[in-house]
Amino acid sequence: MRRSRIITFKINGQDIAAREDETILELARQHDIHIPTLCYLEGVSAFGGCRLCMVEIKGSNRLFPACMTYPDESMEITTNSERLKAYRKQTVELLFSERNHICAVCVSNGSCELQAQAYDLGLTHVQVPYINPNLPVDASHAYFGLDHNRCILCTRCVRVCDEVEGAHTWDVMGRGAEARIVADLNQPWGDSLSCTSCGKCVQVCPTGALFEKGTSVAEMRKKHEFLPYLRLMREGRDGGEE
Amino acid sequence: MSKTITIDPVTRIEGHSKITIQLDDQGRVADARFHVTQFRGFEKMTEGRPFYEMPSLTARICGICPVSHLMASAKAGDALLAVQIPETAANLRRIMNLAQIIQSHALSFFHLSSPDFVMGFDADPVERNIFGVMKKHPDLAKDGIALRKFGQSIIELLGGKRIHPAWVVPGGVSSPLTQEDHNTILALVPDALERIQRTLAWYKDIFGNFDPEIRSFANFPTLFMGLVDANGELSLYDGKLRIVDAVGNIVADQLDPARYMDFIGEAVEPDSYLKSPYYKPMGYPDGIYRVGPLARMNIISRCGTRLADQEWAEFRMLQRGAVLSSFQYHYARLIEILYCTERIEQILNDPDILSHHVRAHAQPNAFEGIGTSEAPRGTLMHHYKIDENGLITWVNLIIATGHNNLAMNKGVLQVARQFIRSGKIEEPMLNRVEAVIRTFDPCLSCSTHAMGQLALDVRLIGPDGELVDSVRRG
Ligand code: SF4
Ligand code: SF4
Ligand code: FES
């Protein structure tokens, strides 16, 4: 209730009037203003981890994640300056350098969100050295696989499994470059007792990190649509008595 | 003083290699060796990957005959799933394999080797290339370009515009053939038939001019190996192995390629990354054998298509028993282009070819799988082992160029002996040494996967196959 005032502010010079309880990202999307994102997933809580959605706010030298920041009265927000473009490009470049993203032989080639961001941002070269970590594939689950080589630690899987499926199979272990997605108490996914094999994590994963077993190169198509529907249905159920 | 001549790198073959010719004190050739200097640690790199990725992974490793790897790899995958794939899927794969052989043979014959036939082995190297052929014999060059395009456009129609089609998958293919593509391919056949028949007539006219080369280009007795069907007919996608000796006798027939380890040994030579396979019952190095178009023409009881069979009968008259000169790999290639074109037409006329049932789905049911098919250059084998989760634990590839390794070495020696007299390297000799290697059409980039680290050099490839970024994982 606290955040329901109508405020006016500007995005890229465009006047916008909105309720103040929506994030800059949500409002920008409602007004067809493009802000790239990777970790953001409609239907689960925001995480603010990928830093791709950074925007500038007049009067501050800092950059702000649009998915976590709420607008204030008279705020002037810029979403597409040269500085932001360069920053985003570098962010994606670092993601590519951290793991082994070999698109040509990836199950998600052609339908990967990381690849799409690289295209959009005009990333043609990775100038920082590749880390080339030696990472395993967890193929112990009967239907799905997790290839750490392609994980960008966006935690969409963690959030959807916890908040939507209610299983909380996934979590993040370790910090920085050592961070890994782990199932239950860091055990093979196939041994997880909490996993219900619903497949939600696979469908929301933006890359080929989580995949359906038996898919060949470029065959994996993620079905993102289920989440908004599911949410809508649940809202309808919860609010049904009013 | 003995000295060593090194030719490095060999031109107009695909890949990296080097030839060393050892001269004795009198300046005569004592020994000659063909080394492959580029190596790729392919097996190592695929460890831990889901086997479903193998067709595309192996196709990526070799940019020269990706389709052939797709075939052998998908067949090894079928074996891991332990499924019988739908016949339509097998037929669609067959068409793609035939198209690959056409386009690869066209490249080898017209683009890489025809300059020697048109301009002569002694011609100025500046002239002796496909552009020279275009000037001197434009119709031949045009036929070559058209035939290559014929093969390539079939591959594209089936697999999509990607350079390395992900269409061939363990269990079958990922999408059926459309009526429209079916018609398009069928309509291309008559023109291709005309062009290849014209080329064959031309080749039969001119090869008599190359007697010294025919006599010395790896012209010696060896065994020959390749796949045949149950009736002994030419079989390029599947079948069983037949081995024939130099006088044309069948030494072994209907060998199960999945048991290759029982009858093929692999020797490793210190100076080359290429393994040297040999026929085990005869030992190393007497078990030397050749694979590829010449071998196939030597082992079969007939091709199995009308026009190709006529040409084949004529070809077999060249020599009693097997045709021994590797020079005639070229001849064999042309007959195979003819066969492949006829065969594509036959398969397209199969009533079930448009069936939508083209893929078998299964979990892995076997821990070890072997896939064998005939690549343009000869028998190609992919052998995989997986763990219970379907992750690759071990890989062995036996590549056509590997099978031919011993024969190529011997061929280089033979031609060097014939053409080097003064102890100097002169251009016509140089070209002949290379030309003998070219008769085998070796694909070196994928045949040296034996050890070390590779080497996936493509990092970021767009959906249409364009290179966005590349780096080596080493
Ligand atoms: S399959 Fe479902 S329950 Fe299992 S980890 Fe994924 S989201 Fe969680
Ligand atoms: S597995 Fe996929 S969804 Fe989960 S953190 Fe990694 S990239 Fe994100
Ligand atoms: S989308 Fe905002 S930080 Fe990832």
# chains A, B, ... in the order shown; residues from 1 in each chain; ligands from 1
$ residues_around --residues "Val247 of chain B" --least-positions-apart "6" --cutoff "10 Å" --atoms "only C-alpha atoms" --output "ChimeraX atom specification"
/B:221-223,298,319-324
$ write_last_selection --atoms "C-alpha atoms" --output "PDB file, in the first residue's frame"
ATOM      1  CA  PRO B 221      49.732 -54.724 -55.018  1.00  0.00           C
ATOM      2  CA  THR B 222      47.791 -54.133 -51.830  1.00  0.00           C
ATOM      3  CA  LEU B 223      44.557 -55.295 -50.339  1.00  0.00           C
ATOM      4  CA  ASN B 298      37.859 -53.165 -56.904  1.00  0.00           C
ATOM      5  CA  GLN B 319      43.586 -54.704 -65.545  1.00  0.00           C
ATOM      6  CA  ARG B 320      43.057 -58.339 -64.709  1.00  0.00           C
ATOM      7  CA  GLY B 321      42.214 -58.631 -61.060  1.00  0.00           C
ATOM      8  CA  ALA B 322      42.195 -55.370 -59.192  1.00  0.00           C
ATOM      9  CA  VAL B 323      43.104 -52.022 -60.759  1.00  0.00           C
ATOM     10  CA  LEU B 324      46.309 -51.248 -58.907  1.00  0.00           C
TER      11      LEU B 324
END
$ residues_near_ligand --ligand "ligand 1" --cutoff "8 Å" --atoms "only C-alpha atoms and all ligand atoms" --output "NGL selection string"
:A and (144 or 157-158 or 160-162 or 165-170 or 183 or 189 or 194-202)
$ closest_residue --among "B:Tyr52, B:Tyr260, B:Phe210, B:Tyr279" --to "chain A" --atoms "only C-alpha atoms"
B:Tyr52
$ residues_near_ligand --ligand "ligand 3" --cutoff "9 Å" --atoms "only C-alpha atoms and all ligand atoms" --output "list of chain:residue names"
A:Leu25, A:Ile35, A:Pro36, A:Thr37, A:Leu38, A:Cys39, A:Tyr40, A:Leu41, A:Ala46, A:Phe47, A:Gly48, A:Gly49, A:Cys50, A:Arg51, A:Leu52, A:Cys53, A:Met54, A:Phe64, A:Pro65, A:Ala66, A:Cys67, A:Met68, A:Cys154
$ residues_near_ligand --ligand "ligand 2" --cutoff "9 Å" --atoms "only C-alpha atoms and all ligand atoms" --output "ChimeraX atom specification"
/A:38-39,146-148,150-160,170-172,180-181,201-211
$ atom_distance --atom1 "atom CA of Arg5 of chain A" --atom2 "atom CA of Ser45 of chain A"
22.0 Å
$ atom_distance --atom1 "atom CA of Leu112 of chain B" --atom2 "atom CA of Gln414 of chain B"
21.5 Å
$ interface_residues --of "chain A" --to "chain B" --cutoff "6 Å" --atoms "only C-alpha atoms" --output "short mmCIF file (atom, residue, chain, number, x, y, z; two decimals) with all heavy atoms, in the first residue's frame"
data_model
loop_
_atom_site.label_atom_id
_atom_site.label_comp_id
_atom_site.auth_asym_id
_atom_site.auth_seq_id
_atom_site.Cartn_x
_atom_site.Cartn_y
_atom_site.Cartn_z
N ILE A 102 30.54 -22.81 -26.41
CA ILE A 102 30.89 -23.16 -27.78
C ILE A 102 29.58 -23.30 -28.54
O ILE A 102 29.04 -24.39 -28.72
CB ILE A 102 31.74 -24.43 -27.81
CG1 ILE A 102 32.96 -24.22 -26.90
CG2 ILE A 102 32.20 -24.73 -29.25
CD1 ILE A 102 33.68 -25.48 -26.53
N CYS A 103 29.06 -22.15 -28.97
CA CYS A 103 27.70 -22.11 -29.52
C CYS A 103 27.49 -23.12 -30.64
O CYS A 103 26.44 -23.73 -30.74
CB CYS A 103 27.40 -20.73 -30.06
SG CYS A 103 27.61 -19.44 -28.83
N ALA A 104 28.51 -23.28 -31.47
CA ALA A 104 28.35 -24.12 -32.65
C ALA A 104 27.91 -25.54 -32.32
O ALA A 104 27.26 -26.19 -33.12
CB ALA A 104 29.66 -24.16 -33.42
N VAL A 105 28.28 -26.01 -31.15
CA VAL A 105 27.92 -27.39 -30.82
C VAL A 105 26.99 -27.45 -29.62
O VAL A 105 26.90 -28.46 -28.94
CB VAL A 105 29.18 -28.26 -30.58
CG1 VAL A 105 29.97 -28.38 -31.86
CG2 VAL A 105 30.04 -27.67 -29.47
N GLY A 110 21.15 -20.91 -31.58
CA GLY A 110 20.04 -20.35 -32.35
C GLY A 110 18.85 -19.94 -31.51
O GLY A 110 17.99 -19.21 -31.97
N THR A 124 31.57 -9.01 -31.22
CA THR A 124 32.16 -9.85 -32.26
C THR A 124 33.42 -10.55 -31.77
O THR A 124 33.84 -11.54 -32.33
CB THR A 124 32.53 -9.02 -33.49
OG1 THR A 124 33.34 -7.93 -33.05
CG2 THR A 124 31.30 -8.50 -34.19
N HIS A 125 34.02 -10.01 -30.73
CA HIS A 125 35.26 -10.61 -30.22
C HIS A 125 35.24 -10.63 -28.71
O HIS A 125 34.68 -9.73 -28.10
CB HIS A 125 36.47 -9.78 -30.63
CG HIS A 125 36.78 -9.90 -32.06
ND1 HIS A 125 36.17 -9.12 -33.01
CD2 HIS A 125 37.62 -10.72 -32.72
CE1 HIS A 125 36.63 -9.46 -34.20
NE2 HIS A 125 37.50 -10.43 -34.06
N ALA A 139 24.67 -35.51 -15.90
CA ALA A 139 23.64 -36.16 -16.72
C ALA A 139 22.99 -37.28 -15.93
O ALA A 139 22.46 -38.23 -16.48
CB ALA A 139 24.26 -36.71 -18.00
N SER A 140 23.00 -37.14 -14.59
CA SER A 140 22.49 -38.23 -13.75
C SER A 140 20.97 -38.25 -13.67
O SER A 140 20.38 -39.26 -13.33
CB SER A 140 23.08 -38.10 -12.34
OG SER A 140 22.76 -36.83 -11.79
N SER A 216 19.72 -32.91 -29.60
CA SER A 216 20.97 -32.78 -30.31
C SER A 216 21.28 -31.30 -30.50
O SER A 216 20.50 -30.44 -30.10
CB SER A 216 20.82 -33.50 -31.65
OG SER A 216 22.07 -33.79 -32.17
N VAL A 217 22.40 -31.02 -31.12
CA VAL A 217 22.83 -29.64 -31.29
C VAL A 217 21.73 -28.78 -31.93
O VAL A 217 21.11 -29.19 -32.91
CB VAL A 217 24.12 -29.60 -32.13
CG1 VAL A 217 24.46 -28.20 -32.57
CG2 VAL A 217 25.25 -30.21 -31.33
#
$ select_by_dssp --residues "segment 294-455 of chain B" --states "strand (DSSP E)" --output "ChimeraX atom specification"
/B:368-375,378-386,392-398
$ closest_residue --among "B:Gly120, B:Pro176, B:Gly371, B:Pro285" --to "Gly239 of chain B" --atoms "only C-alpha atoms"
B:Gly371
$ residues_around --residues "segment 132-147 of chain B" --least-positions-apart "4" --cutoff "12 Å" --atoms "only C-alpha atoms" --output "PDB file with C-alpha atoms, in the first residue's frame"
ATOM      1  CA  ALA B  99      25.271 -35.949 -52.088  1.00  0.00           C
ATOM      2  CA  GLN B 100      28.336 -35.465 -49.918  1.00  0.00           C
ATOM      3  CA  ILE B 101      30.282 -37.981 -51.974  1.00  0.00           C
ATOM      4  CA  ILE B 102      29.272 -36.211 -55.171  1.00  0.00           C
ATOM      5  CA  GLN B 103      30.334 -32.807 -53.982  1.00  0.00           C
ATOM      6  CA  SER B 104      33.559 -34.062 -52.436  1.00  0.00           C
ATOM      7  CA  HIS B 105      34.531 -36.100 -55.500  1.00  0.00           C
ATOM      8  CA  ALA B 106      33.746 -33.148 -57.735  1.00  0.00           C
ATOM      9  CA  LEU B 107      36.029 -30.957 -55.659  1.00  0.00           C
ATOM     10  CA  SER B 108      38.804 -33.533 -55.747  1.00  0.00           C
ATOM     11  CA  PHE B 109      38.557 -34.309 -59.430  1.00  0.00           C
ATOM     12  CA  PHE B 110      37.770 -30.987 -61.023  1.00  0.00           C
ATOM     13  CA  HIS B 111      39.123 -28.358 -58.689  1.00  0.00           C
ATOM     14  CA  LEU B 112      42.174 -30.098 -57.296  1.00  0.00           C
ATOM     15  CA  SER B 113      43.293 -32.630 -59.896  1.00  0.00           C
ATOM     16  CA  SER B 114      41.962 -31.693 -63.326  1.00  0.00           C
ATOM     17  CA  PRO B 115      44.606 -28.955 -63.759  1.00  0.00           C
ATOM     18  CA  ASP B 116      47.185 -31.751 -64.038  1.00  0.00           C
ATOM     19  CA  PHE B 117      45.178 -33.505 -66.750  1.00  0.00           C
ATOM     20  CA  VAL B 118      44.323 -30.406 -68.739  1.00  0.00           C
ATOM     21  CA  MET B 119      47.625 -28.550 -68.517  1.00  0.00           C
ATOM     22  CA  GLY B 120      49.878 -31.544 -67.945  1.00  0.00           C
ATOM     23  CA  ALA B 123      52.981 -27.228 -66.911  1.00  0.00           C
ATOM     24  CA  ASP B 124      53.878 -24.001 -65.192  1.00  0.00           C
ATOM     25  CA  PRO B 125      52.423 -24.127 -61.684  1.00  0.00           C
ATOM     26  CA  VAL B 126      51.126 -20.591 -62.127  1.00  0.00           C
ATOM     27  CA  GLU B 127      48.795 -21.850 -64.841  1.00  0.00           C
ATOM     28  CA  ARG B 128      48.167 -25.255 -63.379  1.00  0.00           C
ATOM     29  CA  GLY B 151      25.749 -32.224 -54.234  1.00  0.00           C
ATOM     30  CA  GLN B 152      25.906 -29.186 -52.005  1.00  0.00           C
ATOM     31  CA  SER B 153      22.408 -28.025 -52.750  1.00  0.00           C
ATOM     32  CA  ILE B 154      20.992 -31.434 -51.826  1.00  0.00           C
ATOM     33  CA  LEU B 188      18.291 -31.615 -60.719  1.00  0.00           C
ATOM     34  CA  VAL B 189      19.175 -35.210 -61.547  1.00  0.00           C
ATOM     35  CA  PRO B 190      19.063 -35.240 -65.389  1.00  0.00           C
ATOM     36  CA  ASP B 191      21.462 -32.316 -65.719  1.00  0.00           C
ATOM     37  CA  ALA B 192      23.917 -33.902 -63.291  1.00  0.00           C
ATOM     38  CA  LEU B 193      23.756 -37.211 -65.166  1.00  0.00           C
ATOM     39  CA  GLU B 194      24.551 -35.491 -68.420  1.00  0.00           C
ATOM     40  CA  ARG B 195      27.518 -33.632 -66.991  1.00  0.00           C
ATOM     41  CA  ILE B 196      29.110 -36.623 -65.318  1.00  0.00           C
ATOM     42  CA  GLN B 197      28.698 -38.798 -68.402  1.00  0.00           C
ATOM     43  CA  ARG B 198      30.349 -36.112 -70.495  1.00  0.00           C
ATOM     44  CA  THR B 199      33.227 -35.923 -68.031  1.00  0.00           C
ATOM     45  CA  LEU B 200      33.651 -39.679 -68.003  1.00  0.00           C
ATOM     46  CA  ALA B 201      33.869 -39.765 -71.788  1.00  0.00           C
ATOM     47  CA  TRP B 202      36.501 -37.035 -71.681  1.00  0.00           C
ATOM     48  CA  TYR B 203      38.529 -38.739 -68.981  1.00  0.00           C
ATOM     49  CA  LEU B 334      33.826 -40.267 -61.689  1.00  0.00           C
ATOM     50  CA  ILE B 337      29.541 -39.598 -59.004  1.00  0.00           C
ATOM     51  CA  LEU B 338      27.475 -41.296 -61.682  1.00  0.00           C
ATOM     52  CA  CYS B 340      25.486 -41.600 -56.529  1.00  0.00           C
ATOM     53  CA  THR B 341      23.369 -39.523 -58.881  1.00  0.00           C
TER      54      THR B 341
END
$ atom_distance --atom1 "atom CA of Gly283 of chain B" --atom2 "atom CA of Met261 of chain B"
13.5 Å
$ residues_around --residues "Ser97 of chain A" --least-positions-apart "5" --cutoff "7 Å" --atoms "only C-alpha atoms" --output "list in words"
Val128, Pro129, Tyr130 and Ile131 of chain A
$ residues_around --residues "Ser111 of chain A" --least-positions-apart "2" --cutoff "8 Å" --atoms "only C-alpha atoms" --output "MDAnalysis selection string"
chainID A and resid 108:109 113 115:116 218 220:222
$ select_by_dssp --residues "segment 66-177 of chain B" --states "alpha helix (DSSP H)" --output "PyMOL selection string"
chain B and resi 66-81+87-106+114-119+130-136+138-159
$ closest_residue --among "B:Glu374, B:Glu434, B:Phe217, B:Pro86" --to "Lys240 of chain B" --atoms "only C-alpha atoms"
B:Glu374
